[in-house]
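A quick write-up on the structure given underneath.
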Amino acid sequence: MYEGKEFPGFVDIGCGNGLLVYLLTQEGYNGWGFDARPRKSWANYTTPTTMSPSGKSLEEKLLLPGIIPPHRDGNNPSQPPHPANIHDGAFKSGTFIVSNHADELTPWTPILGTISNCPYIMIPCCSHSLTGEKYRPPPPRDKSKPKSTYASLVDWVSQIAEDCGWQPETEMLRIPSTRNTGILGRHRTKAAADIDIHAILHKYGGVEGYYENVVKLVKAGPRSH
């Protein structure tokens, strides 16, 4: 994608232990990552960068897309995180978004890419809806494909990407995981300006409860895959 061009930088949403961010920066790619919870490994993997607000490659931030109005259930209020620990999901145009086993953020990846005009790669893992809740997508549209939970997830997030105007490309990755499908979004079939993002959010179940669900991540312990 970037042969003969200046690399615009990357952001790893839901970066987990930070290893991928570290490896990419060591290979010369300028970028950063953030997660709702810091990890002990960050002490070894954090490096300087010009991409992040703090100048550090790993940051503690919760992604609350700006298109979702903050809402708290009066009967079961969730303590909101400090504003400095919130990211609104808007990135500099062209920034390469990495969504590697990002769980709740996986179906949001092509949506965020459309809003900010950013290419991306997403590697789906655990299945969640746009509300952040666990979700079992419908079977793949292609009846010849397996009807497994993972195949359903891959097809479902690919469909979201298509509705966002992307032409998703699929690559099987040689990584030590059975969740090894990479979906690349770098070409568009429709201009981002022609996409009705709110209609897409509604089509895929809406976002009711997202705020409450992701705020809980701050208090919960990190999950293993």
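Just so we're on the same page: first chain in the structure tokens is A, next is B, and so on; residues restart at 1 for each chain, and ligands are numbered from 1 in the order they show up.
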
For region 26-37 of chain A, list every protein, DNA or RNA residue within 10 Å, evaluated using only C-alpha atoms, and leave out those in the same chain fewer than 6 positions away; present the list as a PyMOL selection string. chain A and resi 7-20+46-53+55-63+81+85-87+95-99+102+214-222

Enumerate, as a ChimeraX atom specification, the complete set of residues in region 38-120 of chain A that a backbone-based DSSP assignment places in alpha helix (DSSP H). /A:42-45,109-116

Quick one: everything within 12 Å of Ala161 (chain A), counting only C-alpha atoms, minus sequence neighbours fewer than 2 positions away in the same chain. Send it as a PDB file with N, CA and C atoms, in the first residue's frame.
```pdb
ATOM      1  N   THR A 106     -14.324  -4.584  17.149  1.00  0.00           N
ATOM      2  CA  THR A 106     -14.212  -5.196  15.820  1.00  0.00           C
ATOM      3  C   THR A 106     -15.284  -4.702  14.860  1.00  0.00           C
ATOM      4  N   PRO A 107     -16.582  -4.798  15.193  1.00  0.00           N
ATOM      5  CA  PRO A 107     -17.584  -4.339  14.222  1.00  0.00           C
ATOM      6  C   PRO A 107     -17.563  -2.826  14.005  1.00  0.00           C
ATOM      7  N   TRP A 108     -16.935  -2.103  14.935  1.00  0.00           N
ATOM      8  CA  TRP A 108     -16.825  -0.654  14.790  1.00  0.00           C
ATOM      9  C   TRP A 108     -15.705  -0.247  13.836  1.00  0.00           C
ATOM     10  N   THR A 109     -14.789  -1.161  13.544  1.00  0.00           N
ATOM     11  CA  THR A 109     -13.598  -0.795  12.783  1.00  0.00           C
ATOM     12  C   THR A 109     -13.916  -0.190  11.413  1.00  0.00           C
ATOM     13  N   PRO A 110     -14.721  -0.843  10.547  1.00  0.00           N
ATOM     14  CA  PRO A 110     -15.005  -0.214   9.247  1.00  0.00           C
ATOM     15  C   PRO A 110     -15.827   1.057   9.380  1.00  0.00           C
ATOM     16  N   ILE A 111     -16.583   1.167  10.463  1.00  0.00           N
ATOM     17  CA  ILE A 111     -17.366   2.389  10.702  1.00  0.00           C
ATOM     18  C   ILE A 111     -16.432   3.543  11.050  1.00  0.00           C
ATOM     19  N   LEU A 112     -15.498   3.289  11.953  1.00  0.00           N
ATOM     20  CA  LEU A 112     -14.523   4.321  12.315  1.00  0.00           C
ATOM     21  C   LEU A 112     -13.665   4.699  11.111  1.00  0.00           C
ATOM     22  N   GLY A 113     -13.306   3.694  10.303  1.00  0.00           N
ATOM     23  CA  GLY A 113     -12.519   3.962   9.108  1.00  0.00           C
ATOM     24  C   GLY A 113     -13.251   4.861   8.131  1.00  0.00           C
ATOM     25  N   THR A 114     -14.573   4.702   8.068  1.00  0.00           N
ATOM     26  CA  THR A 114     -15.379   5.527   7.172  1.00  0.00           C
ATOM     27  C   THR A 114     -15.494   6.951   7.698  1.00  0.00           C
ATOM     28  N   PRO A 119      -7.875   3.749   6.142  1.00  0.00           N
ATOM     29  CA  PRO A 119      -7.840   2.318   5.831  1.00  0.00           C
ATOM     30  C   PRO A 119      -7.615   1.540   7.114  1.00  0.00           C
ATOM     31  N   TYR A 120      -7.824   0.240   7.052  1.00  0.00           N
ATOM     32  CA  TYR A 120      -7.736  -0.546   8.280  1.00  0.00           C
ATOM     33  C   TYR A 120      -7.463  -2.016   7.980  1.00  0.00           C
ATOM     34  N   ILE A 121      -7.048  -2.728   9.018  1.00  0.00           N
ATOM     35  CA  ILE A 121      -7.076  -4.180   9.016  1.00  0.00           C
ATOM     36  C   ILE A 121      -7.726  -4.612  10.314  1.00  0.00           C
ATOM     37  N   MET A 122      -8.665  -5.532  10.214  1.00  0.00           N
ATOM     38  CA  MET A 122      -9.276  -6.089  11.422  1.00  0.00           C
ATOM     39  C   MET A 122      -9.103  -7.601  11.406  1.00  0.00           C
ATOM     40  N   VAL A 154     -16.845 -13.355  10.819  1.00  0.00           N
ATOM     41  CA  VAL A 154     -16.055 -12.799   9.719  1.00  0.00           C
ATOM     42  C   VAL A 154     -16.963 -12.261   8.620  1.00  0.00           C
ATOM     43  N   ASP A 155     -18.010 -13.022   8.284  1.00  0.00           N
ATOM     44  CA  ASP A 155     -18.916 -12.587   7.226  1.00  0.00           C
ATOM     45  C   ASP A 155     -19.728 -11.379   7.666  1.00  0.00           C
ATOM     46  N   TRP A 156     -20.131 -11.367   8.928  1.00  0.00           N
ATOM     47  CA  TRP A 156     -20.964 -10.284   9.456  1.00  0.00           C
ATOM     48  C   TRP A 156     -20.209  -8.955   9.447  1.00  0.00           C
ATOM     49  N   VAL A 157     -18.968  -8.950   9.944  1.00  0.00           N
ATOM     50  CA  VAL A 157     -18.201  -7.698   9.964  1.00  0.00           C
ATOM     51  C   VAL A 157     -17.804  -7.289   8.535  1.00  0.00           C
ATOM     52  N   SER A 158     -17.642  -8.276   7.643  1.00  0.00           N
ATOM     53  CA  SER A 158     -17.374  -7.951   6.234  1.00  0.00           C
ATOM     54  C   SER A 158     -18.578  -7.275   5.605  1.00  0.00           C
ATOM     55  N   GLN A 159     -19.774  -7.714   6.011  1.00  0.00           N
ATOM     56  CA  GLN A 159     -20.993  -7.097   5.494  1.00  0.00           C
ATOM     57  C   GLN A 159     -21.118  -5.654   5.988  1.00  0.00           C
ATOM     58  N   ASP A 163     -21.338  -2.321   3.599  1.00  0.00           N
ATOM     59  CA  ASP A 163     -22.368  -1.292   3.725  1.00  0.00           C
ATOM     60  C   ASP A 163     -21.754   0.080   4.006  1.00  0.00           C
ATOM     61  N   CYS A 164     -20.548   0.080   4.562  1.00  0.00           N
ATOM     62  CA  CYS A 164     -19.835   1.344   4.802  1.00  0.00           C
ATOM     63  C   CYS A 164     -19.108   1.830   3.548  1.00  0.00           C
ATOM     64  N   GLY A 165     -19.235   1.079   2.449  1.00  0.00           N
ATOM     65  CA  GLY A 165     -18.619   1.506   1.196  1.00  0.00           C
ATOM     66  C   GLY A 165     -17.227   0.976   0.965  1.00  0.00           C
ATOM     67  N   TRP A 166     -16.811  -0.028   1.765  1.00  0.00           N
ATOM     68  CA  TRP A 166     -15.484  -0.630   1.583  1.00  0.00           C
ATOM     69  C   TRP A 166     -15.558  -1.860   0.691  1.00  0.00           C
ATOM     70  N   GLN A 167     -14.447  -2.168   0.070  1.00  0.00           N
ATOM     71  CA  GLN A 167     -14.288  -3.430  -0.662  1.00  0.00           C
ATOM     72  C   GLN A 167     -13.356  -4.316   0.172  1.00  0.00           C
ATOM     73  N   PRO A 168     -13.916  -5.093   1.095  1.00  0.00           N
ATOM     74  CA  PRO A 168     -13.057  -5.854   2.011  1.00  0.00           C
ATOM     75  C   PRO A 168     -12.274  -6.948   1.299  1.00  0.00           C
ATOM     76  N   GLU A 169     -10.998  -7.045   1.645  1.00  0.00           N
ATOM     77  CA  GLU A 169     -10.126  -8.103   1.129  1.00  0.00           C
ATOM     78  C   GLU A 169      -9.746  -9.022   2.283  1.00  0.00           C
ATOM     79  N   THR A 170      -9.764 -10.318   2.035  1.00  0.00           N
ATOM     80  CA  THR A 170      -9.520 -11.292   3.102  1.00  0.00           C
ATOM     81  C   THR A 170      -8.201 -12.016   2.890  1.00  0.00           C
ATOM     82  N   ILE A 183      -8.976  -8.993   7.593  1.00  0.00           N
ATOM     83  CA  ILE A 183      -9.856  -8.304   6.642  1.00  0.00           C
ATOM     84  C   ILE A 183      -9.316  -6.897   6.434  1.00  0.00           C
ATOM     85  N   LEU A 184      -8.890  -6.628   5.229  1.00  0.00           N
ATOM     86  CA  LEU A 184      -8.251  -5.353   4.897  1.00  0.00           C
ATOM     87  C   LEU A 184      -9.235  -4.436   4.189  1.00  0.00           C
ATOM     88  N   GLY A 185      -9.290  -3.206   4.646  1.00  0.00           N
ATOM     89  CA  GLY A 185     -10.104  -2.192   3.982  1.00  0.00           C
ATOM     90  C   GLY A 185      -9.200  -1.088   3.468  1.00  0.00           C
ATOM     91  N   ARG A 186      -8.953  -1.069   2.176  1.00  0.00           N
ATOM     92  CA  ARG A 186      -8.098  -0.019   1.590  1.00  0.00           C
ATOM     93  C   ARG A 186      -8.701   0.594   0.332  1.00  0.00           C
ATOM     94  N   HIS A 187      -9.694  -0.086  -0.267  1.00  0.00           N
ATOM     95  CA  HIS A 187     -10.371   0.437  -1.456  1.00  0.00           C
ATOM     96  C   HIS A 187     -11.846   0.651  -1.147  1.00  0.00           C
ATOM     97  N   ARG A 188     -12.387   1.707  -1.695  1.00  0.00           N
ATOM     98  CA  ARG A 188     -13.797   2.029  -1.463  1.00  0.00           C
ATOM     99  C   ARG A 188     -14.616   1.835  -2.733  1.00  0.00           C
ATOM    100  N   THR A 189     -15.859   1.405  -2.550  1.00  0.00           N
ATOM    101  CA  THR A 189     -16.804   1.296  -3.656  1.00  0.00           C
ATOM    102  C   THR A 189     -17.744   2.503  -3.682  1.00  0.00           C
ATOM    103  N   LYS A 190     -17.836   3.178  -2.527  1.00  0.00           N
ATOM    104  CA  LYS A 190     -18.651   4.386  -2.412  1.00  0.00           C
ATOM    105  C   LYS A 190     -17.873   5.418  -1.603  1.00  0.00           C
ATOM    106  N   ALA A 192     -17.107   8.063   1.218  1.00  0.00           N
ATOM    107  CA  ALA A 192     -17.531   8.106   2.617  1.00  0.00           C
ATOM    108  C   ALA A 192     -18.657   9.112   2.829  1.00  0.00           C
ATOM    109  N   ILE A 195     -22.241   7.769   2.636  1.00  0.00           N
ATOM    110  CA  ILE A 195     -22.649   6.716   3.561  1.00  0.00           C
ATOM    111  C   ILE A 195     -23.435   7.315   4.724  1.00  0.00           C
ATOM    112  N   ILE A 197     -24.108   6.746   8.114  1.00  0.00           N
ATOM    113  CA  ILE A 197     -23.599   5.951   9.227  1.00  0.00           C
ATOM    114  C   ILE A 197     -24.696   5.603  10.225  1.00  0.00           C
ATOM    115  N   ILE A 200     -26.669   2.712   9.143  1.00  0.00           N
ATOM    116  CA  ILE A 200     -25.927   1.462   9.315  1.00  0.00           C
ATOM    117  C   ILE A 200     -25.976   1.005  10.771  1.00  0.00           C
ATOM    118  N   LEU A 201     -25.805   1.935  11.698  1.00  0.00           N
ATOM    119  CA  LEU A 201     -25.900   1.584  13.120  1.00  0.00           C
ATOM    120  C   LEU A 201     -27.261   0.979  13.434  1.00  0.00           C
ATOM    121  N   TYR A 204     -27.706  -2.678  12.001  1.00  0.00           N
ATOM    122  CA  TYR A 204     -26.984  -3.739  12.711  1.00  0.00           C
ATOM    123  C   TYR A 204     -27.262  -3.742  14.215  1.00  0.00           C
TER     124      TYR A 204
END
```

List every residue of region 21-125 of chain A that DSSP, applied to the backbone of this structure, places in strand (DSSP E or B), and write the result as a list in words.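 Answer for region 21-125 of chain A, restricted to strand (DSSP E or B): Gly31, Trp32, Gly33, Phe34, Asp35, Pro48, Lys56, Leu58, Glu59, Glu60, Leu62, Leu63, Ile86, His87, Phe96, Ile97, Val98, Ser99, Asn100, Tyr120, Ile121, Met122 and Ile123 of chain A.
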
Kindly export the residues of the current selection with N, CA and C atoms, as a PDB file, in the first residue's frame.
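Saved file out-v1.pdb follows:
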```
ATOM      1  N   GLY A  31       3.559   5.016  15.028  1.00  0.00           N
ATOM      2  CA  GLY A  31       2.185   4.810  15.436  1.00  0.00           C
ATOM      3  C   GLY A  31       2.056   4.620  16.929  1.00  0.00           C
ATOM      4  N   TRP A  32       0.845   4.292  17.359  1.00  0.00           N
ATOM      5  CA  TRP A  32       0.568   4.111  18.771  1.00  0.00           C
ATOM      6  C   TRP A  32      -0.641   3.214  18.943  1.00  0.00           C
ATOM      7  N   GLY A  33      -0.911   2.825  20.180  1.00  0.00           N
ATOM      8  CA  GLY A  33      -2.061   2.003  20.481  1.00  0.00           C
ATOM      9  C   GLY A  33      -2.647   2.385  21.819  1.00  0.00           C
ATOM     10  N   PHE A  34      -3.907   2.034  22.008  1.00  0.00           N
ATOM     11  CA  PHE A  34      -4.531   2.313  23.299  1.00  0.00           C
ATOM     12  C   PHE A  34      -5.488   1.190  23.664  1.00  0.00           C
ATOM     13  N   ASP A  35      -5.760   1.082  24.943  1.00  0.00           N
ATOM     14  CA  ASP A  35      -6.663   0.064  25.463  1.00  0.00           C
ATOM     15  C   ASP A  35      -7.359   0.630  26.687  1.00  0.00           C
ATOM     16  N   PRO A  48       8.767   6.188  22.459  1.00  0.00           N
ATOM     17  CA  PRO A  48       8.326   7.532  22.055  1.00  0.00           C
ATOM     18  C   PRO A  48       7.688   7.502  20.666  1.00  0.00           C
ATOM     19  N   LYS A  56       3.696   8.967  23.869  1.00  0.00           N
ATOM     20  CA  LYS A  56       4.052   7.588  24.189  1.00  0.00           C
ATOM     21  C   LYS A  56       3.254   6.635  23.298  1.00  0.00           C
ATOM     22  N   LEU A  58       1.932   3.715  23.887  1.00  0.00           N
ATOM     23  CA  LEU A  58       0.829   2.968  24.507  1.00  0.00           C
ATOM     24  C   LEU A  58       0.137   3.868  25.523  1.00  0.00           C
ATOM     25  N   GLU A  59      -1.203   3.935  25.419  1.00  0.00           N
ATOM     26  CA  GLU A  59      -1.959   4.800  26.312  1.00  0.00           C
ATOM     27  C   GLU A  59      -3.216   4.100  26.819  1.00  0.00           C
ATOM     28  N   GLU A  60      -3.634   4.499  28.007  1.00  0.00           N
ATOM     29  CA  GLU A  60      -4.877   3.999  28.581  1.00  0.00           C
ATOM     30  C   GLU A  60      -6.016   4.909  28.137  1.00  0.00           C
ATOM     31  N   LEU A  62     -10.344   4.718  26.660  1.00  0.00           N
ATOM     32  CA  LEU A  62     -11.571   3.988  26.340  1.00  0.00           C
ATOM     33  C   LEU A  62     -12.183   4.624  25.104  1.00  0.00           C
ATOM     34  N   LEU A  63     -12.507   3.811  24.099  1.00  0.00           N
ATOM     35  CA  LEU A  63     -13.049   4.353  22.859  1.00  0.00           C
ATOM     36  C   LEU A  63     -14.560   4.503  22.982  1.00  0.00           C
ATOM     37  N   ILE A  86     -10.564   9.096  27.526  1.00  0.00           N
ATOM     38  CA  ILE A  86     -11.578   8.770  26.520  1.00  0.00           C
ATOM     39  C   ILE A  86     -11.078   9.194  25.138  1.00  0.00           C
ATOM     40  N   HIS A  87     -11.282   8.322  24.151  1.00  0.00           N
ATOM     41  CA  HIS A  87     -10.990   8.678  22.758  1.00  0.00           C
ATOM     42  C   HIS A  87     -12.299   8.628  21.976  1.00  0.00           C
ATOM     43  N   PHE A  96      -3.599   4.486   9.462  1.00  0.00           N
ATOM     44  CA  PHE A  96      -3.928   3.076   9.276  1.00  0.00           C
ATOM     45  C   PHE A  96      -4.416   2.504  10.609  1.00  0.00           C
ATOM     46  N   ILE A  97      -5.673   2.036  10.634  1.00  0.00           N
ATOM     47  CA  ILE A  97      -6.272   1.495  11.848  1.00  0.00           C
ATOM     48  C   ILE A  97      -5.993   0.005  11.943  1.00  0.00           C
ATOM     49  N   VAL A  98      -5.448  -0.422  13.065  1.00  0.00           N
ATOM     50  CA  VAL A  98      -5.209  -1.841  13.344  1.00  0.00           C
ATOM     51  C   VAL A  98      -6.209  -2.278  14.402  1.00  0.00           C
ATOM     52  N   SER A  99      -6.977  -3.310  14.091  1.00  0.00           N
ATOM     53  CA  SER A  99      -7.977  -3.846  15.011  1.00  0.00           C
ATOM     54  C   SER A  99      -7.709  -5.343  15.144  1.00  0.00           C
ATOM     55  N   ASN A 100      -6.803  -5.693  16.060  1.00  0.00           N
ATOM     56  CA  ASN A 100      -6.314  -7.061  16.205  1.00  0.00           C
ATOM     57  C   ASN A 100      -6.925  -7.708  17.445  1.00  0.00           C
ATOM     58  N   TYR A 120      -7.824   0.240   7.052  1.00  0.00           N
ATOM     59  CA  TYR A 120      -7.736  -0.546   8.280  1.00  0.00           C
ATOM     60  C   TYR A 120      -7.463  -2.016   7.980  1.00  0.00           C
ATOM     61  N   ILE A 121      -7.048  -2.728   9.018  1.00  0.00           N
ATOM     62  CA  ILE A 121      -7.076  -4.180   9.016  1.00  0.00           C
ATOM     63  C   ILE A 121      -7.726  -4.612  10.314  1.00  0.00           C
ATOM     64  N   MET A 122      -8.665  -5.532  10.214  1.00  0.00           N
ATOM     65  CA  MET A 122      -9.276  -6.089  11.422  1.00  0.00           C
ATOM     66  C   MET A 122      -9.103  -7.601  11.406  1.00  0.00           C
ATOM     67  N   ILE A 123      -8.750  -8.132  12.572  1.00  0.00           N
ATOM     68  CA  ILE A 123      -8.598  -9.572  12.759  1.00  0.00           C
ATOM     69  C   ILE A 123      -9.635  -9.974  13.798  1.00  0.00           C
TER      70      ILE A 123
END
```

Name all residues at most 12 Å from Ala151 (chain A) (count only C-alpha atoms; drop same-chain ones fewer than 2 positions away) and give them as a list in words.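 Residues meeting the cut-off are Pro124, Cys125, Cys126, Ser127, Arg136, Pro137, Pro138, Pro139, Pro140, Arg141, Asp142, Lys143, Ser144, Lys145, Pro146, Lys147, Ser148, Thr149, Leu153, Val154, Asp155, Trp156, Val157, Ser158, Thr178, Arg179, Asn180 and Thr181 of chain A.
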
Smallest atom-to-atom distance to Ser116 (chain A): which of A:Glu171, A:Glu6, A:Asp88, A:Glu104, using only C-alpha atoms? A:Asp88

Can you pull out the residues contacting His202 (chain A)? Cut-off 12 Å, using only C-alpha atoms, and skip same-chain residues under 5 positions away; I want them as a PyMOL selection string. chain A and resi 129-131+160+196-197+207-208

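Counting from CA of Gly94 (chain A), the distance to CA of Lys5 (chain A) is 12.1 Å.
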